[in-house]
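File shown: coords-v8.pdb. Contents: PDB, C-alpha atoms.
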MODEL        1
ATOM      1  CA  MET E 277     114.987 111.627 106.075
ATOM      2  CA  THR E 278     120.096 115.749 105.187
ATOM      3  CA  LEU E 279     121.174 113.086 107.471
ATOM      4  CA  ALA E 280     124.020 115.444 108.236
ATOM      5  CA  HIS E 281     125.448 118.220 106.149
ATOM      6  CA  ARG E 282     128.796 117.367 107.713
ATOM      7  CA  MET E 283     130.105 116.284 111.051
ATOM      8  CA  GLY E 284     130.847 119.165 113.396
ATOM      9  CA  GLN E 285     132.562 119.713 116.698
ATOM     10  CA  SER E 286     129.691 121.235 118.634
ATOM     11  CA  ALA E 287     126.010 120.691 119.368
ATOM     12  CA  ASN E 288     125.221 122.749 116.262
ATOM     13  CA  CYS E 289     126.051 119.747 114.119
ATOM     14  CA  VAL E 290     123.107 117.925 115.706
ATOM     15  CA  SER E 291     120.810 120.663 114.466
ATOM     16  CA  ARG E 292     122.207 120.402 110.953
ATOM     17  CA  PHE E 293     121.865 116.647 111.172
ATOM     18  CA  ALA E 294     118.330 116.452 112.489
ATOM     19  CA  ALA E 295     116.249 117.046 109.389
ATOM     20  CA  GLY E 296     118.368 114.578 107.451
ATOM     21  CA  LEU E 297     118.006 111.931 110.070
ATOM     22  CA  LEU E 298     114.278 112.075 109.705
ATOM     23  CA  ALA E 299     114.429 112.235 105.956
ATOM     24  CA  ALA E 300     116.719 109.247 105.781
ATOM     25  CA  LEU E 301     114.645 107.133 108.047
ATOM     26  CA  ALA E 302     112.447 109.145 106.384
ATOM     27  CA  ALA E 303     112.085 111.536 107.612
ATOM     28  CA  SER E 304     105.773 114.985 110.059
ATOM     29  CA  ALA E 305     102.453 115.823 110.461
ATOM     30  CA  ALA E 306     101.354 114.563 113.850
ATOM     31  CA  LEU E 307      98.888 111.697 113.685
ATOM     32  CA  ALA E 308      95.436 112.534 114.872
ATOM     33  CA  ALA E 309      93.669 110.548 117.566
ATOM     34  CA  THR E 310      91.807 108.479 114.972
ATOM     35  CA  PRO E 311      94.115 105.742 113.596
ATOM     36  CA  GLY E 312      95.078 106.230 109.979
ATOM     37  CA  VAL E 313      94.284 109.929 109.915
ATOM     38  CA  ALA E 314      96.859 112.715 110.005
ATOM     39  CA  HIS E 315      96.623 116.443 110.287
ATOM     40  CA  ALA E 316      96.888 117.927 106.811
ATOM     41  CA  GLU E 317      99.509 120.583 106.317
ATOM     42  CA  ALA E 318      98.214 123.838 104.886
ATOM     43  CA  PRO E 319      99.183 124.454 101.258
ATOM     44  CA  GLY E 320     102.070 126.862 100.872
ATOM     45  CA  SER E 321     103.477 128.985  98.125
ATOM     46  CA  VAL E 322     106.449 126.701  97.411
ATOM     47  CA  SER E 323     107.243 126.304  93.723
ATOM     48  CA  ALA E 324     108.060 122.778  92.535
ATOM     49  CA  ALA E 325     110.979 122.332  90.156
ATOM     50  CA  PRO E 326     110.582 119.906  87.236
ATOM     51  CA  ILE E 327     111.925 116.401  87.808
ATOM     52  CA  PRO E 328     114.481 115.133  85.240
ATOM     53  CA  ARG E 329     113.143 112.129  83.325
ATOM     54  CA  ALA E 330     114.467 108.651  84.076
ATOM     55  CA  GLU E 331     115.673 106.298  81.394
ATOM     56  CA  GLY E 332     113.292 103.438  80.663
ATOM     57  CA  ALA E 333     110.426 102.778  83.068
ATOM     58  CA  GLY E 334     112.217 104.396  86.001
ATOM     59  CA  PRO E 335     111.658 103.582  89.693
ATOM     60  CA  PRO E 336     108.810 101.155  90.411
ATOM     61  CA  LEU E 337     105.290 102.195  91.312
ATOM     62  CA  TRP E 338     102.560 100.012  92.805
ATOM     63  CA  VAL E 339      98.813 100.482  93.258
ATOM     64  CA  VAL E 340      96.082  99.048  95.497
ATOM     65  CA  ARG E 341      92.482  99.508  94.308
ATOM     66  CA  ASP E 342      88.935  98.679  95.257
ATOM     67  CA  ALA E 343      85.566  99.987  94.056
ATOM     68  CA  ASP E 344      86.022 103.519  95.404
ATOM     69  CA  SER E 345      89.625 103.788  96.676
ATOM     70  CA  THR E 346      93.021 103.946  95.016
ATOM     71  CA  VAL E 347      96.361 104.092  96.835
ATOM     72  CA  TYR E 348      99.590 104.434  94.864
ATOM     73  CA  LEU E 349     102.827 103.268  96.510
ATOM     74  CA  PHE E 350     106.099 104.850  95.436
ATOM     75  CA  GLY E 351     109.466 104.020  96.993
ATOM     76  CA  THR E 352     111.726 107.022  97.458
ATOM     77  CA  VAL E 353     115.414 107.690  97.980
ATOM     78  CA  HIS E 354     115.829 110.321 100.666
ATOM     79  CA  VAL E 355     119.124 111.773  99.432
ATOM     80  CA  LEU E 356     120.225 112.096  95.810
ATOM     81  CA  ARG E 357     122.785 113.960  93.788
ATOM     82  CA  PRO E 358     121.161 117.089  92.283
ATOM     83  CA  GLY E 359     119.994 116.433  88.748
ATOM     84  CA  THR E 360     119.409 112.696  89.210
ATOM     85  CA  ALA E 361     116.828 111.672  86.615
ATOM     86  CA  TRP E 362     114.032 109.730  88.294
ATOM     87  CA  GLY E 363     110.808 111.259  86.916
ATOM     88  CA  SER E 364     108.340 109.209  84.862
ATOM     89  CA  ASP E 365     104.962 109.648  83.224
ATOM     90  CA  LYS E 366     103.374 106.950  85.385
ATOM     91  CA  VAL E 367     104.494 108.600  88.631
ATOM     92  CA  ASP E 368     103.428 112.038  87.401
ATOM     93  CA  ALA E 369      99.987 110.732  86.453
ATOM     94  CA  ALA E 370      99.508 108.921  89.751
ATOM     95  CA  PHE E 371     100.617 111.945  91.749
ATOM     96  CA  ALA E 372      98.357 114.276  89.753
ATOM     97  CA  SER E 373      95.336 112.031  90.339
ATOM     98  CA  ALA E 374      95.751 111.999  94.119
ATOM     99  CA  SER E 375      94.133 114.532  96.433
ATOM    100  CA  ASP E 376      96.179 113.344  99.422
ATOM    101  CA  ILE E 377      99.923 112.777  99.632
ATOM    102  CA  TRP E 378     101.347 110.588 102.401
ATOM    103  CA  VAL E 379     105.001 110.659 103.444
ATOM    104  CA  GLU E 380     106.894 109.303 106.431
ATOM    105  CA  ILE E 381     107.036 112.602 108.328
ATOM    106  CA  ALA E 382     105.490 115.724 106.853
ATOM    107  CA  ASP E 383     107.196 118.390 108.965
ATOM    108  CA  GLN E 384     110.715 116.946 108.907
ATOM    109  CA  ASP E 385     112.220 120.365 108.169
ATOM    110  CA  ASP E 386     110.771 121.968 111.296
ATOM    111  CA  GLN E 387     113.706 122.188 113.684
ATOM    112  CA  ALA E 388     111.418 123.215 116.546
ATOM    113  CA  VAL E 389     109.790 119.793 116.235
ATOM    114  CA  VAL E 390     112.846 117.727 115.391
ATOM    115  CA  MET E 391     115.553 119.054 117.688
ATOM    116  CA  PRO E 392     113.962 118.237 121.078
ATOM    117  CA  VAL E 393     113.413 114.664 119.917
ATOM    118  CA  ILE E 394     117.013 114.275 118.767
ATOM    119  CA  GLN E 395     118.378 115.780 121.955
ATOM    120  CA  GLN E 396     116.166 113.632 124.168
ATOM    121  CA  HIS E 397     116.848 110.308 122.487
ATOM    122  CA  GLY E 398     120.222 110.812 120.801
ATOM    123  CA  VAL E 399     122.448 112.330 123.486
ATOM    124  CA  ASP E 400     123.365 110.711 126.811
ATOM    125  CA  PRO E 401     126.423 112.145 128.615
ATOM    126  CA  SER E 402     125.976 109.613 131.412
ATOM    127  CA  ARG E 403     126.891 106.763 129.085
ATOM    128  CA  PRO E 404     129.515 108.059 126.629
ATOM    129  CA  LEU E 405     130.590 106.129 123.575
ATOM    130  CA  SER E 406     134.070 105.755 125.033
ATOM    131  CA  SER E 407     132.563 103.675 127.866
ATOM    132  CA  ILE E 408     130.515 101.473 125.518
ATOM    133  CA  LEU E 409     132.871 100.786 122.612
ATOM    134  CA  SER E 410     136.052  98.787 122.950
ATOM    135  CA  ALA E 411     139.235 100.874 122.993
ATOM    136  CA  ALA E 412     140.029  99.760 119.437
ATOM    137  CA  ASP E 413     136.539 100.528 118.151
ATOM    138  CA  PHE E 414     136.470 103.964 119.784
ATOM    139  CA  ALA E 415     139.890 104.752 118.310
ATOM    140  CA  ALA E 416     138.608 103.790 114.843
ATOM    141  CA  PHE E 417     135.516 105.928 115.376
ATOM    142  CA  ASP E 418     137.665 108.864 116.505
ATOM    143  CA  LYS E 419     139.890 108.539 113.427
ATOM    144  CA  LEU E 420     136.904 108.604 111.076
ATOM    145  CA  ALA E 421     135.286 111.470 112.969
ATOM    146  CA  GLN E 422     138.490 113.500 112.712
ATOM    147  CA  ALA E 423     138.607 112.847 108.967
ATOM    148  CA  ASN E 424     135.231 114.593 108.794
ATOM    149  CA  GLY E 425     136.049 117.610 110.944
ATOM    150  CA  ALA E 426     134.929 116.259 114.307
ATOM    151  CA  SER E 427     136.441 113.941 116.926
ATOM    152  CA  GLY E 428     135.505 111.070 119.159
ATOM    153  CA  ALA E 429     135.680 113.384 122.154
ATOM    154  CA  ALA E 430     133.296 115.908 120.582
ATOM    155  CA  LEU E 431     130.770 113.175 119.777
ATOM    156  CA  ASP E 432     131.320 111.088 122.910
ATOM    157  CA  ALA E 433     127.939 111.975 124.423
ATOM    158  CA  TYR E 434     126.033 110.737 121.369
ATOM    159  CA  ARG E 435     124.200 107.454 121.635
ATOM    160  CA  PRO E 436     125.556 104.843 119.205
ATOM    161  CA  TRP E 437     122.584 105.041 116.825
ATOM    162  CA  LEU E 438     123.001 108.801 116.365
ATOM    163  CA  ALA E 439     126.754 108.515 115.897
ATOM    164  CA  ALA E 440     126.122 105.786 113.322
ATOM    165  CA  PHE E 441     123.730 107.981 111.361
ATOM    166  CA  MET E 442     126.254 110.789 111.244
ATOM    167  CA  ILE E 443     129.056 108.481 110.154
ATOM    168  CA  SER E 444     126.841 106.899 107.504
ATOM    169  CA  MET E 445     126.100 110.216 105.805
ATOM    170  CA  SER E 446     129.443 111.983 105.971
ATOM    171  CA  GLY E 447     130.734 110.109 102.904
ATOM    172  CA  PRO E 448     127.607 110.539 100.760
ATOM    173  CA  THR E 449     127.432 114.238 101.668
ATOM    174  CA  ASN E 450     131.039 114.692 100.576
ATOM    175  CA  ALA E 451     130.193 112.759  97.392
ATOM    176  CA  GLY E 452     127.450 115.229  96.472
ATOM    177  CA  TYR E 453     124.311 113.612  97.881
ATOM    178  CA  ARG E 454     121.791 116.135  99.203
ATOM    179  CA  SER E 455     118.456 115.788 100.981
ATOM    180  CA  GLU E 456     117.068 118.783  99.107
ATOM    181  CA  ALA E 457     117.527 116.759  95.893
ATOM    182  CA  GLY E 458     115.865 113.713  97.436
ATOM    183  CA  VAL E 459     112.537 112.379  96.262
ATOM    184  CA  ASP E 460     110.708 113.127  99.512
ATOM    185  CA  LYS E 461     111.630 116.796  99.569
ATOM    186  CA  THR E 462     110.818 117.156  95.865
ATOM    187  CA  LEU E 463     107.391 115.544  96.133
ATOM    188  CA  MET E 464     106.511 117.452  99.288
ATOM    189  CA  ASP E 465     107.331 120.717  97.532
ATOM    190  CA  ARG E 466     105.221 119.633  94.576
ATOM    191  CA  ALA E 467     102.303 118.731  96.861
ATOM    192  CA  ARG E 468     102.432 122.146  98.527
ATOM    193  CA  ALA E 469     102.669 123.942  95.186
ATOM    194  CA  GLN E 470      99.618 122.074  93.900
ATOM    195  CA  GLY E 471      97.585 122.569  97.070
ATOM    196  CA  LYS E 472      97.360 118.879  97.893
ATOM    197  CA  ALA E 473      96.792 117.691 101.451
ATOM    198  CA  LEU E 474     100.107 116.491 102.911
ATOM    199  CA  HIS E 475     100.047 113.872 105.662
ATOM    200  CA  GLY E 476     102.618 111.981 107.715
ATOM    201  CA  PHE E 477     102.390 108.342 108.736
ATOM    202  CA  GLU E 478     104.289 109.053 111.930
ATOM    203  CA  THR E 479     105.781 111.786 114.060
ATOM    204  CA  ALA E 480     109.421 112.577 114.677
ATOM    205  CA  ASP E 481     109.016 111.245 118.197
ATOM    206  CA  ILE E 482     107.597 107.917 117.029
ATOM    207  CA  GLN E 483     110.323 107.439 114.455
ATOM    208  CA  VAL E 484     113.252 108.326 116.672
ATOM    209  CA  ARG E 485     111.922 106.360 119.651
ATOM    210  CA  LEU E 486     111.886 103.200 117.526
ATOM    211  CA  ILE E 487     115.493 103.631 116.416
ATOM    212  CA  ALA E 488     116.689 104.806 119.834
ATOM    213  CA  GLY E 489     114.838 101.885 121.407
ATOM    214  CA  MET E 490     117.049  99.312 119.726
ATOM    215  CA  SER E 491     119.188  97.248 122.066
ATOM    216  CA  GLU E 492     122.568  98.754 122.880
ATOM    217  CA  GLU E 493     124.135  95.693 121.286
ATOM    218  CA  ALA E 494     122.371  96.481 118.001
ATOM    219  CA  GLN E 495     123.277 100.167 118.179
ATOM    220  CA  VAL E 496     126.946  99.382 118.734
ATOM    221  CA  ALA E 497     126.907  96.872 115.873
ATOM    222  CA  TYR E 498     125.280  99.524 113.693
ATOM    223  CA  LEU E 499     127.948 102.104 114.519
ATOM    224  CA  ASN E 500     130.859  99.691 114.162
ATOM    225  CA  ASN E 501     129.539  98.530 110.796
ATOM    226  CA  TYR E 502     129.681 102.041 109.369
ATOM    227  CA  VAL E 503     133.078 102.760 110.903
ATOM    228  CA  ARG E 504     134.617  99.547 109.583
ATOM    229  CA  ASN E 505     133.011  99.848 106.162
ATOM    230  CA  ALA E 506     133.267 103.609 105.700
ATOM    231  CA  ASP E 507     135.014 103.211 102.351
ATOM    232  CA  GLY E 508     132.036 101.304 100.961
ATOM    233  CA  ILE E 509     129.194 103.565 102.092
ATOM    234  CA  VAL E 510     129.078 105.701  98.957
ATOM    235  CA  THR E 511     129.421 102.649  96.703
ATOM    236  CA  ASN E 512     126.515 100.957  98.448
ATOM    237  CA  LEU E 513     124.367 104.081  98.060
ATOM    238  CA  ASP E 514     125.383 104.490  94.417
ATOM    239  CA  ASP E 515     124.451 100.861  93.733
ATOM    240  CA  THR E 516     121.148 101.221  95.585
ATOM    241  CA  VAL E 517     120.212 104.301  93.586
ATOM    242  CA  ALA E 518     121.166 102.561  90.338
ATOM    243  CA  ALA E 519     118.996  99.534  91.193
ATOM    244  CA  TRP E 520     116.101 101.801  92.183
ATOM    245  CA  LEU E 521     116.343 103.810  88.964
ATOM    246  CA  LYS E 522     116.223 100.585  86.932
ATOM    247  CA  GLY E 523     113.225  99.347  88.881
ATOM    248  CA  ASP E 524     115.164  96.390  90.306
ATOM    249  CA  ALA E 525     113.271  96.011  93.576
ATOM    250  CA  ALA E 526     114.992  92.772  94.562
ATOM    251  CA  GLU E 527     118.477  94.250  94.252
ATOM    252  CA  ALA E 528     117.504  97.449  96.037
ATOM    253  CA  GLY E 529     116.141  95.359  98.896
ATOM    254  CA  ARG E 530     119.284  93.232  99.053
ATOM    255  CA  LEU E 531     121.497  96.305  99.215
ATOM    256  CA  ASN E 532     119.374  97.759 102.005
ATOM    257  CA  ARG E 533     119.799  94.594 104.069
ATOM    258  CA  VAL E 534     123.571  95.103 104.000
ATOM    259  CA  ASN E 535     122.988  98.001 106.396
ATOM    260  CA  THR E 536     120.038  96.629 108.363
ATOM    261  CA  ARG E 537     119.164  92.959 108.788
ATOM    262  CA  ASP E 538     122.641  91.706 107.874
ATOM    263  CA  ILE E 539     124.030  93.694 110.831
ATOM    264  CA  HIS E 540     121.424  92.900 113.497
ATOM    265  CA  GLU E 541     117.815  91.761 113.530
ATOM    266  CA  ASP E 542     116.894  94.624 115.883
ATOM    267  CA  ILE E 543     117.795  97.132 113.164
ATOM    268  CA  HIS E 544     115.486  95.454 110.662
ATOM    269  CA  ARG E 545     112.698  95.322 113.251
ATOM    270  CA  ALA E 546     112.995  98.966 114.306
ATOM    271  CA  ALA E 547     113.644 100.514 110.894
ATOM    272  CA  LEU E 548     111.203  98.402 108.898
ATOM    273  CA  ILE E 549     108.973  95.779 110.507
ATOM    274  CA  GLU E 550     107.320  97.866 113.228
ATOM    275  CA  ARG E 551     106.918 100.921 111.033
ATOM    276  CA  ASN E 552     105.686  98.947 108.027
ATOM    277  CA  ALA E 553     103.043  97.223 110.151
ATOM    278  CA  ASP E 554     101.772 100.588 111.412
ATOM    279  CA  TRP E 555     101.703 102.101 107.928
ATOM    280  CA  THR E 556      99.951  99.030 106.509
ATOM    281  CA  ASN E 557      97.166  99.452 109.061
ATOM    282  CA  GLN E 558      96.823 103.106 108.090
ATOM    283  CA  ILE E 559      96.652 102.209 104.394
ATOM    284  CA  GLU E 560      93.983  99.625 105.205
ATOM    285  CA  THR E 561      91.988 102.441 106.833
ATOM    286  CA  MET E 562      92.448 104.556 103.689
ATOM    287  CA  MET E 563      91.065 101.704 101.610
ATOM    288  CA  GLN E 564      87.958 101.611 103.795
ATOM    289  CA  GLY E 565      87.218 105.168 102.712
ATOM    290  CA  ALA E 566      87.092 106.640  99.231
ATOM    291  CA  GLY E 567      89.341 108.667  96.950
ATOM    292  CA  THR E 568      92.904 108.556  95.675
ATOM    293  CA  ALA E 569      96.086 108.828  97.728
ATOM    294  CA  PHE E 570      99.750 108.797  96.761
ATOM    295  CA  VAL E 571     102.151 107.226  99.275
ATOM    296  CA  ALA E 572     105.849 108.148  99.021
ATOM    297  CA  VAL E 573     108.076 106.382 101.555
ATOM    298  CA  GLY E 574     111.633 105.090 101.569
ATOM    299  CA  ALA E 575     112.176 102.427  98.923
ATOM    300  CA  ALA E 576     113.258  99.831 101.493
ATOM    301  CA  HIS E 577     109.748  99.903 102.982
ATOM    302  CA  LEU E 578     108.370  98.613  99.665
ATOM    303  CA  MET E 579     111.280  96.598  98.275
ATOM    304  CA  ASP E 580     112.875  94.842 101.238
ATOM    305  CA  GLN E 581     111.755  91.818 103.256
ATOM    306  CA  ASP E 582     108.660  92.326 105.434
ATOM    307  CA  SER E 583     107.631  95.208 103.167
ATOM    308  CA  VAL E 584     104.405  97.177 103.217
ATOM    309  CA  ILE E 585     103.513  95.369  99.998
ATOM    310  CA  ASP E 586     104.036  91.979 101.679
ATOM    311  CA  MET E 587     101.892  93.052 104.617
ATOM    312  CA  LEU E 588      99.084  94.414 102.436
ATOM    313  CA  THR E 589      99.097  91.191 100.456
ATOM    314  CA  ALA E 590      98.863  89.182 103.679
ATOM    315  CA  LYS E 591      95.760  91.205 104.578
ATOM    316  CA  GLY E 592      94.128  90.138 101.318
ATOM    317  CA  PHE E 593      94.782  93.201  99.158
ATOM    318  CA  THR E 594      95.921  92.841  95.560
ATOM    319  CA  VAL E 595      98.980  95.011  94.997
ATOM    320  CA  GLU E 596      99.743  95.627  91.331
ATOM    321  CA  ARG E 597     103.037  96.882  90.002
ATOM    322  CA  LEU E 598     102.462  99.421  87.224
TER     323      LEU E 598
ENDMDL
END
Serialized structure, structure tokens:
Amino acid sequence: MTLAHRMGQSANCVSRFAAGLLAALAASAALAATPGVAHAEAPGSVSAAPIPRAEGAGPPLWVVRDADSTVYLFGTVHVLRPGTAWGSDKVDAAFASASDIWVEIADQDDQAVVMPVIQQHGVDPSRPLSSILSAADFAAFDKLAQANGASGAALDAYRPWLAAFMISMSGPTNAGYRSEAGVDKTLMDRARAQGKALHGFETADIQVRLIAGMSEEAQVAYLNNYVRNADGIVTNLDDTVAAWLKGDAAEAGRLNRVNTRDIHEDIHRAALIERNADWTNQIETMMQGAGTAFVAVGAAHLMDQDSVIDMLTAKGFTVERL
């Protein structure tokens, strides 16, 4: 939520891709029948490495409080270069105070959970890319795929959204970005090491169904955008990380829209609006209880238009930036 370690020429590359897909969308503990409650993952024996300290205030952190409940909101970047300095005292203190940690999907590394979902919603041999894309667009896709060790023919059965995700991460992976260095993975390891309850807002199936449910028009636009702008993918990610590290929420949101709303409204709706609305309802349920929770989800969900923060504010909550 790890989009893809690299593009491959066989179905094995889907397996390597799967955990990253979920990390990048963000990458889950299955939600229980009661809304707003997730199954907690049992603490493990994972050791958590120290997080290098950010310059200045570091990435932004928000909080929602009432008389007996506190929910911290921290926007993450799912893939980073190892050694990126993003730690801060305020985030450490908030994390330490929380008994419950909430992420997008808590079991995103479990291939037994992820792979069936990817295969069901991301591969469709009956409608190959070569029959959907124009001849020129498929040729451009094939050229880029070949530059990354695959080919249009090898990936022809992929649905456009899955092909787009793979294209979008080939450059960053080659530039040194890794999911294991991402904020989500780091905080999940820390939660397990400290015996905190780890919860997911959604399941792999929920997340992938939303993206796969976009109109074919939106999926094709999404894929063509990454093919046509392949040379700028790493620059956009570099700039997004830089804005996030400086705490510039407005700029981070603007850069996210380059790859979502600016391409097609369906992408913004599937990747952000529908998920943010669901998560906001779950946070509202948390606030009706008691205790302290730490929420770590992709930065776009807190910094872009129609954010969780916007939705909480619309429900009457006061969201304070720390």
Note to self: Starting from the PyMOL selection byres ((chain E and resi 344) around 9), expand the selection into actual residues of this file and give them as a PyMOL selection string.
What the structure shows: chain E and resi 341-343+345-346+563-568
Closest contacts (segment 365-416 of chain E/segment 492-498 of chain E, max 10 Å, only C-alpha atoms) as a Markdown table:
| residue | atom | partner | partner_atom | distance |
| --- | --- | --- | --- | --- |
| E:Leu405 | CA | E:Val496 | CA | 9.1 |
| E:Ile408 | CA | E:Val496 | CA | 7.9 |
| E:Leu409 | CA | E:Val496 | CA | 7.2 |
| E:Asp413 | CA | E:Val496 | CA | 9.7 |
Check: Smallest atom-to-atom distance to Ala415 of chain E: which of E:Leu578, E:Val503, E:Leu486, E:Ala361, using only C-alpha atoms?
Finding: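 With only C-alpha atoms as the atom set, the closest residue is E:Val503.
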Item checked: Residues matched by the PyMOL selection byres ((chain E and resi 347-358) around 6), written as a list in words ->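 This file gives the following for the PyMOL selection byres ((chain E and resi 347-358) around 6): Met277, Ala299, Ala300, Leu337, Trp338, Val339, Val340, Thr346, Gly359, Thr360, Gly452, Tyr453, Arg454, Ser455, Ala457, Gly458, Val459, Asp460, Thr568, Ala569, Phe570, Val571, Ala572, Val573, Gly574 and Ala575 of chain E.
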Next item on the list: Given the file shown, enumerate the residues that the PyMOL selection byres ((chain E and resi 579) around 10) captures and present them as a VMD selection string.
Entry: chain E and resid 336 351 520 523 to 530 532 574 to 578 580 to 586
Serialized selection, C-alpha atoms, as an mmCIF file, keeping the file's coordinate frame:
data_model
loop_
_atom_site.group_PDB
_atom_site.id
_atom_site.type_symbol
_atom_site.label_atom_id
_atom_site.label_comp_id
_atom_site.auth_asym_id
_atom_site.auth_seq_id
_atom_site.Cartn_x
_atom_site.Cartn_y
_atom_site.Cartn_z
ATOM 1 C CA PRO E 336 108.810 101.155 90.411
ATOM 2 C CA GLY E 351 109.466 104.020 96.993
ATOM 3 C CA TRP E 520 116.101 101.801 92.183
ATOM 4 C CA GLY E 523 113.225 99.347 88.881
ATOM 5 C CA ASP E 524 115.164 96.390 90.306
ATOM 6 C CA ALA E 525 113.271 96.011 93.576
ATOM 7 C CA ALA E 526 114.992 92.772 94.562
ATOM 8 C CA GLU E 527 118.477 94.250 94.252
ATOM 9 C CA ALA E 528 117.504 97.449 96.037
ATOM 10 C CA GLY E 529 116.141 95.359 98.896
ATOM 11 C CA ARG E 530 119.284 93.232 99.053
ATOM 12 C CA ASN E 532 119.374 97.759 102.005
ATOM 13 C CA GLY E 574 111.633 105.090 101.569
ATOM 14 C CA ALA E 575 112.176 102.427 98.923
ATOM 15 C CA ALA E 576 113.258 99.831 101.493
ATOM 16 C CA HIS E 577 109.748 99.903 102.982
ATOM 17 C CA LEU E 578 108.370 98.613 99.665
ATOM 18 C CA ASP E 580 112.875 94.842 101.238
ATOM 19 C CA GLN E 581 111.755 91.818 103.256
ATOM 20 C CA ASP E 582 108.660 92.326 105.434
ATOM 21 C CA SER E 583 107.631 95.208 103.167
ATOM 22 C CA VAL E 584 104.405 97.177 103.217
ATOM 23 C CA ILE E 585 103.513 95.369 99.998
ATOM 24 C CA ASP E 586 104.036 91.979 101.679
#
